[in-house]
Amino acid sequence: CSTAIQFNPKDADAYELRGYAYLIEHRFERAEADFQAALKLRPDNPEDLAGYGQSLSGLGRFNEAVIQFDKAVAQEPNDAAYRNALCWAVAGTGKHLDRALDECNRAIALAPGNAAPLNSRGLVELRMGRYHPAIDDYTQSVAANVYQPSAYFGRGLARLATGQKEAGATDIRTARNGDADIDGMFVMLGVLNRECAAGVIAKCPAGFPKRTEEGKWMVAKWLVQ
């Protein structure tokens, strides 16, 4: 993609593809720049808008991400992936959770059995304090796609909140095995206390498992944001 851009700096497809490659690697700032470049060349392209929104979500800039996903959904209202991404971003703001729930429900209706919107709806329910529905959604999500650290971590927090300490701790450890940065993600989402992620167990939910020293270092980059 970079070579293609060197040959033709006005190749919007190359910026888009490289942007999505950066998203896969969680290099969100570079992805943001590429999607901005693509949108300058072809404003209002829904794939570029969604990619730009995803990079903003990855950086924790959820309010800005919502704006981009709103634009993408306006153009492609029946795209389950855009609806799901909008649900996640609204949940990340911590506001208008009823709206986030509605977007997730629409995504699930458009793509029944898809793991991603079930995961996102679990997050919304977790933020709403609806722990048992959150557990149900997370369980369905990991049944559809076993490799989802965020779904295990969210279910672990919901289980801890309902007194299921052993099952909750197991879920959180499973999530960390799949993604060493997962604690930081939930700090960024506003679900996990920063002090808890930094190792202050007194600030954690009852039963929350300690991190190793190496694990504490892995979340440090999130704690300074």
# chains A, B, ... in the order shown; residues from 1 in each chain; ligands from 1
$ residues_around --residues "A:Leu41" --least-positions-apart "5" --cutoff "10 Å" --atoms "only C-alpha atoms" --output "compact mmCIF listing (two decimals) with N, CA, C and O atoms, in the first residue's frame"
# COMPACT_ATOMS: atom_id res chain seq x y z
N PRO A 9 -0.05 9.43 -5.11
CA PRO A 9 -0.51 9.98 -3.82
C PRO A 9 -2.00 10.28 -3.77
O PRO A 9 -2.51 10.63 -2.71
N LYS A 10 -2.71 10.11 -4.88
CA LYS A 10 -4.16 10.34 -4.90
C LYS A 10 -4.94 9.03 -4.99
O LYS A 10 -6.11 9.03 -5.37
N ASP A 11 -4.28 7.94 -4.63
CA ASP A 11 -4.93 6.62 -4.66
C ASP A 11 -5.68 6.41 -3.34
O ASP A 11 -5.10 5.95 -2.35
N ALA A 12 -6.96 6.73 -3.32
CA ALA A 12 -7.75 6.64 -2.09
C ALA A 12 -7.84 5.21 -1.59
O ALA A 12 -7.84 4.96 -0.37
N ASP A 13 -7.93 4.25 -2.52
CA ASP A 13 -8.03 2.84 -2.11
C ASP A 13 -6.80 2.41 -1.32
O ASP A 13 -6.90 1.65 -0.35
N TYR A 15 -4.83 4.29 0.55
CA TYR A 15 -4.91 4.85 1.91
C TYR A 15 -5.89 4.05 2.77
O TYR A 15 -5.62 3.77 3.94
N PHE A 35 -7.05 7.35 6.95
CA PHE A 35 -8.46 7.52 6.63
C PHE A 35 -8.80 8.99 6.38
O PHE A 35 -9.66 9.31 5.54
N GLN A 36 -8.13 9.89 7.09
CA GLN A 36 -8.32 11.31 6.81
C GLN A 36 -7.87 11.64 5.39
O GLN A 36 -8.54 12.40 4.67
$ closest_atom_pairs --of "stretch 1-96 of chain A" --to "stretch 191-207 of chain A" --cutoff "12 Å" --atoms "only C-alpha atoms" --output "CSV"
residue,atom,partner,partner_atom,distance
A:Ala91,CA,A:Val191,CA,10.1
A:Gly92,CA,A:Val191,CA,8.9
A:Thr93,CA,A:Val191,CA,10.8
A:Gly94,CA,A:Val191,CA,9.0
$ write_last_selection --atoms "all heavy atoms" --output "PDB file, in the first residue's frame"
ATOM      1  N   ALA A  91     -21.387   3.584  23.635  1.00  0.00           N
ATOM      2  CA  ALA A  91     -21.145   2.996  24.959  1.00  0.00           C
ATOM      3  C   ALA A  91     -19.864   3.548  25.569  1.00  0.00           C
ATOM      4  O   ALA A  91     -19.793   3.794  26.779  1.00  0.00           O
ATOM      5  CB  ALA A  91     -21.071   1.478  24.850  1.00  0.00           C
ATOM      6  N   GLY A  92     -18.851   3.763  24.720  1.00  0.00           N
ATOM      7  CA  GLY A  92     -17.588   4.295  25.211  1.00  0.00           C
ATOM      8  C   GLY A  92     -17.697   5.695  25.775  1.00  0.00           C
ATOM      9  O   GLY A  92     -16.929   6.076  26.657  1.00  0.00           O
ATOM     10  N   THR A  93     -18.670   6.471  25.279  1.00  0.00           N
ATOM     11  CA  THR A  93     -18.856   7.825  25.818  1.00  0.00           C
ATOM     12  C   THR A  93     -19.442   7.793  27.227  1.00  0.00           C
ATOM     13  O   THR A  93     -19.319   8.765  27.975  1.00  0.00           O
ATOM     14  CB  THR A  93     -19.790   8.667  24.930  1.00  0.00           C
ATOM     15  OG1 THR A  93     -21.133   8.169  25.027  1.00  0.00           O
ATOM     16  CG2 THR A  93     -19.332   8.655  23.482  1.00  0.00           C
ATOM     17  N   GLY A  94     -20.116   6.688  27.575  1.00  0.00           N
ATOM     18  CA  GLY A  94     -20.769   6.592  28.873  1.00  0.00           C
ATOM     19  C   GLY A  94     -22.076   7.343  28.942  1.00  0.00           C
ATOM     20  O   GLY A  94     -22.680   7.456  30.015  1.00  0.00           O
TER      21      GLY A  94
END
$ residues_around --residues "stretch 165-168 of chain A" --least-positions-apart "2" --cutoff "12 Å" --atoms "only C-alpha atoms" --output "mmCIF file with N, CA, C and O atoms, in the first residue's frame"
data_model
loop_
_atom_site.group_PDB
_atom_site.id
_atom_site.type_symbol
_atom_site.label_atom_id
_atom_site.label_comp_id
_atom_site.auth_asym_id
_atom_site.auth_seq_id
_atom_site.Cartn_x
_atom_site.Cartn_y
_atom_site.Cartn_z
ATOM 1 N N TYR A 131 -26.279 -6.821 34.895
ATOM 2 C CA TYR A 131 -25.196 -7.794 34.848
ATOM 3 C C TYR A 131 -25.611 -9.152 34.284
ATOM 4 O O TYR A 131 -24.854 -9.767 33.515
ATOM 5 N N ILE A 135 -24.022 -10.971 31.032
ATOM 6 C CA ILE A 135 -23.421 -12.307 31.048
ATOM 7 C C ILE A 135 -24.001 -13.161 29.922
ATOM 8 O O ILE A 135 -23.261 -13.861 29.204
ATOM 9 N N ALA A 151 -14.793 -9.849 25.274
ATOM 10 C CA ALA A 151 -16.024 -10.501 25.741
ATOM 11 C C ALA A 151 -15.764 -11.274 27.034
ATOM 12 O O ALA A 151 -16.593 -11.250 27.958
ATOM 13 N N TYR A 152 -14.623 -11.953 27.127
ATOM 14 C CA TYR A 152 -14.291 -12.667 28.364
ATOM 15 C C TYR A 152 -14.091 -11.682 29.517
ATOM 16 O O TYR A 152 -14.553 -11.921 30.639
ATOM 17 N N PHE A 153 -13.398 -10.574 29.238
ATOM 18 C CA PHE A 153 -13.129 -9.609 30.305
ATOM 19 C C PHE A 153 -14.435 -8.976 30.791
ATOM 20 O O PHE A 153 -14.671 -8.859 31.994
ATOM 21 N N GLY A 154 -15.289 -8.582 29.842
ATOM 22 C CA GLY A 154 -16.573 -7.997 30.221
ATOM 23 C C GLY A 154 -17.424 -8.968 31.011
ATOM 24 O O GLY A 154 -18.049 -8.599 32.017
ATOM 25 N N ARG A 155 -17.452 -10.226 30.551
ATOM 26 C CA ARG A 155 -18.231 -11.233 31.290
ATOM 27 C C ARG A 155 -17.634 -11.455 32.669
ATOM 28 O O ARG A 155 -18.370 -11.642 33.659
ATOM 29 N N GLY A 156 -16.309 -11.409 32.752
ATOM 30 C CA GLY A 156 -15.673 -11.566 34.054
ATOM 31 C C GLY A 156 -16.084 -10.479 35.029
ATOM 32 O O GLY A 156 -16.410 -10.756 36.189
ATOM 33 N N LEU A 157 -16.113 -9.228 34.557
ATOM 34 C CA LEU A 157 -16.540 -8.125 35.424
ATOM 35 C C LEU A 157 -17.999 -8.281 35.829
ATOM 36 O O LEU A 157 -18.368 -8.022 36.985
ATOM 37 N N ALA A 158 -18.843 -8.690 34.876
ATOM 38 C CA ALA A 158 -20.261 -8.887 35.192
ATOM 39 C C ALA A 158 -20.434 -10.016 36.203
ATOM 40 O O ALA A 158 -21.264 -9.921 37.118
ATOM 41 N N ARG A 159 -19.672 -11.068 36.045
ATOM 42 C CA ARG A 159 -19.766 -12.186 36.989
ATOM 43 C C ARG A 159 -19.298 -11.773 38.371
ATOM 44 O O ARG A 159 -19.901 -12.154 39.391
ATOM 45 N N LEU A 160 -18.216 -11.000 38.446
ATOM 46 C CA LEU A 160 -17.762 -10.516 39.750
ATOM 47 C C LEU A 160 -18.841 -9.669 40.418
ATOM 48 O O LEU A 160 -19.055 -9.756 41.626
ATOM 49 N N ALA A 161 -19.535 -8.863 39.624
ATOM 50 C CA ALA A 161 -20.581 -7.991 40.164
ATOM 51 C C ALA A 161 -21.764 -8.779 40.703
ATOM 52 O O ALA A 161 -22.503 -8.279 41.566
ATOM 53 N N THR A 162 -21.933 -10.012 40.226
ATOM 54 C CA THR A 162 -23.034 -10.851 40.719
ATOM 55 C C THR A 162 -22.555 -11.863 41.753
ATOM 56 O O THR A 162 -23.297 -12.782 42.119
ATOM 57 N N GLY A 163 -21.313 -11.704 42.225
ATOM 58 C CA GLY A 163 -20.798 -12.577 43.274
ATOM 59 C C GLY A 163 -20.168 -13.860 42.792
ATOM 60 O O GLY A 163 -19.771 -14.699 43.600
ATOM 61 N N THR A 170 -11.634 -16.296 36.458
ATOM 62 C CA THR A 170 -11.185 -17.167 35.368
ATOM 63 C C THR A 170 -11.374 -16.480 34.025
ATOM 64 O O THR A 170 -10.496 -16.524 33.157
ATOM 65 N N ASP A 171 -12.516 -15.821 33.851
ATOM 66 C CA ASP A 171 -12.766 -15.100 32.603
ATOM 67 C C ASP A 171 -11.731 -14.002 32.385
ATOM 68 O O ASP A 171 -11.226 -13.812 31.262
ATOM 69 N N ILE A 172 -11.416 -13.265 33.417
ATOM 70 C CA ILE A 172 -10.466 -12.155 33.289
ATOM 71 C C ILE A 172 -9.076 -12.678 32.962
ATOM 72 O O ILE A 172 -8.364 -12.114 32.112
ATOM 73 N N ARG A 173 -8.678 -13.775 33.568
ATOM 74 C CA ARG A 173 -7.370 -14.354 33.244
ATOM 75 C C ARG A 173 -7.345 -14.858 31.798
ATOM 76 O O ARG A 173 -6.328 -14.718 31.091
ATOM 77 N N THR A 174 -8.450 -15.444 31.351
ATOM 78 C CA THR A 174 -8.537 -15.901 29.966
ATOM 79 C C THR A 174 -8.393 -14.725 29.012
ATOM 80 O O THR A 174 -7.691 -14.810 27.996
ATOM 81 N N ALA A 175 -9.053 -13.617 29.334
ATOM 82 C CA ALA A 175 -8.959 -12.421 28.500
ATOM 83 C C ALA A 175 -7.525 -11.911 28.431
ATOM 84 O O ALA A 175 -7.034 -11.543 27.358
ATOM 85 N N PRO A 205 -13.086 -4.602 41.925
ATOM 86 C CA PRO A 205 -14.236 -5.410 42.342
ATOM 87 C C PRO A 205 -13.765 -6.603 43.172
ATOM 88 O O PRO A 205 -12.660 -7.114 42.977
ATOM 89 N N ALA A 206 -14.591 -7.047 44.085
ATOM 90 C CA ALA A 206 -14.246 -8.204 44.910
ATOM 91 C C ALA A 206 -13.984 -9.410 44.034
ATOM 92 O O ALA A 206 -14.782 -9.745 43.159
ATOM 93 N N GLY A 207 -12.827 -10.046 44.256
ATOM 94 C CA GLY A 207 -12.466 -11.225 43.476
ATOM 95 C C GLY A 207 -11.648 -10.931 42.248
ATOM 96 O O GLY A 207 -11.235 -11.852 41.535
ATOM 97 N N PHE A 208 -11.397 -9.649 41.955
ATOM 98 C CA PHE A 208 -10.629 -9.276 40.759
ATOM 99 C C PHE A 208 -9.205 -9.800 40.888
ATOM 100 O O PHE A 208 -8.523 -9.539 41.872
ATOM 101 N N PRO A 209 -8.712 -10.564 39.905
ATOM 102 C CA PRO A 209 -7.390 -11.179 40.029
ATOM 103 C C PRO A 209 -6.253 -10.182 39.824
ATOM 104 O O PRO A 209 -6.345 -9.289 38.976
#
$ closest_residue --among "A:Gln54, A:Lys210, A:His96, A:Gln75" --to "A:Ile24" --atoms "only C-alpha atoms"
A:Gln54
$ closest_residue --among "A:Leu56, A:Asn63, A:Pro117, A:Lys71" --to "A:Asn84" --atoms "only C-alpha atoms"
A:Pro117
$ residues_around --residues "A:Glu103" --least-positions-apart "3" --cutoff "9 Å" --atoms "only C-alpha atoms" --output "number ranges by chain"
A: 83-88, 98-100, 106-108, 121
$ write_last_selection --atoms "C-alpha atoms" --output "short mmCIF file (atom, residue, chain, number, x, y, z; two decimals), in the first residue's frame"
data_model
loop_
_atom_site.label_atom_id
_atom_site.label_comp_id
_atom_site.auth_asym_id
_atom_site.auth_seq_id
_atom_site.Cartn_x
_atom_site.Cartn_y
_atom_site.Cartn_z
CA ARG A 83 -24.39 -0.15 13.54
CA ASN A 84 -22.30 -2.31 15.84
CA ALA A 85 -19.36 0.09 15.74
CA LEU A 86 -21.72 2.97 16.52
CA CYS A 87 -23.11 1.03 19.49
CA TRP A 88 -19.59 0.45 20.86
CA ASP A 98 -30.37 3.62 25.66
CA ARG A 99 -29.34 4.76 22.21
CA ALA A 100 -26.30 2.47 22.28
CA ARG A 106 -30.48 -3.19 15.25
CA ALA A 107 -27.08 -4.72 14.46
CA ILE A 108 -28.15 -8.04 15.98
CA ARG A 121 -24.48 -5.17 23.71
#
$ select_by_dssp --residues "stretch 2-222 of chain A" --states "helix (DSSP H, G or I)" --output "PyMOL selection string"
chain A and resi 2-7+12-24+28-41+46-58+62-75+80-93+97-110+115-128+131-144+149-161+165-178+182-188+194-197+201-203+213-218+220-222
$ residues_around --residues "A:Tyr52" --least-positions-apart "6" --cutoff "9 Å" --atoms "only C-alpha atoms" --output "list in words"
Gly19, Ala31, Glu32, Ala33, Asp34, Phe35, Gln36, Leu39, Ala65, Gln68 and Phe69 of chain A
$ atom_distance --atom1 "atom CA of A:Ala180" --atom2 "atom CA of A:His26"
13.0 Å
$ closest_residue --among "A:Asp183, A:Asp79, A:Glu16, A:Glu125" --to "A:Leu110" --atoms "only C-alpha atoms"
A:Asp79
$ closest_residue --among "A:Gln164, A:Asn114, A:Ser150, A:Thr139" --to "A:Asp179" --atoms "only C-alpha atoms"
A:Ser150
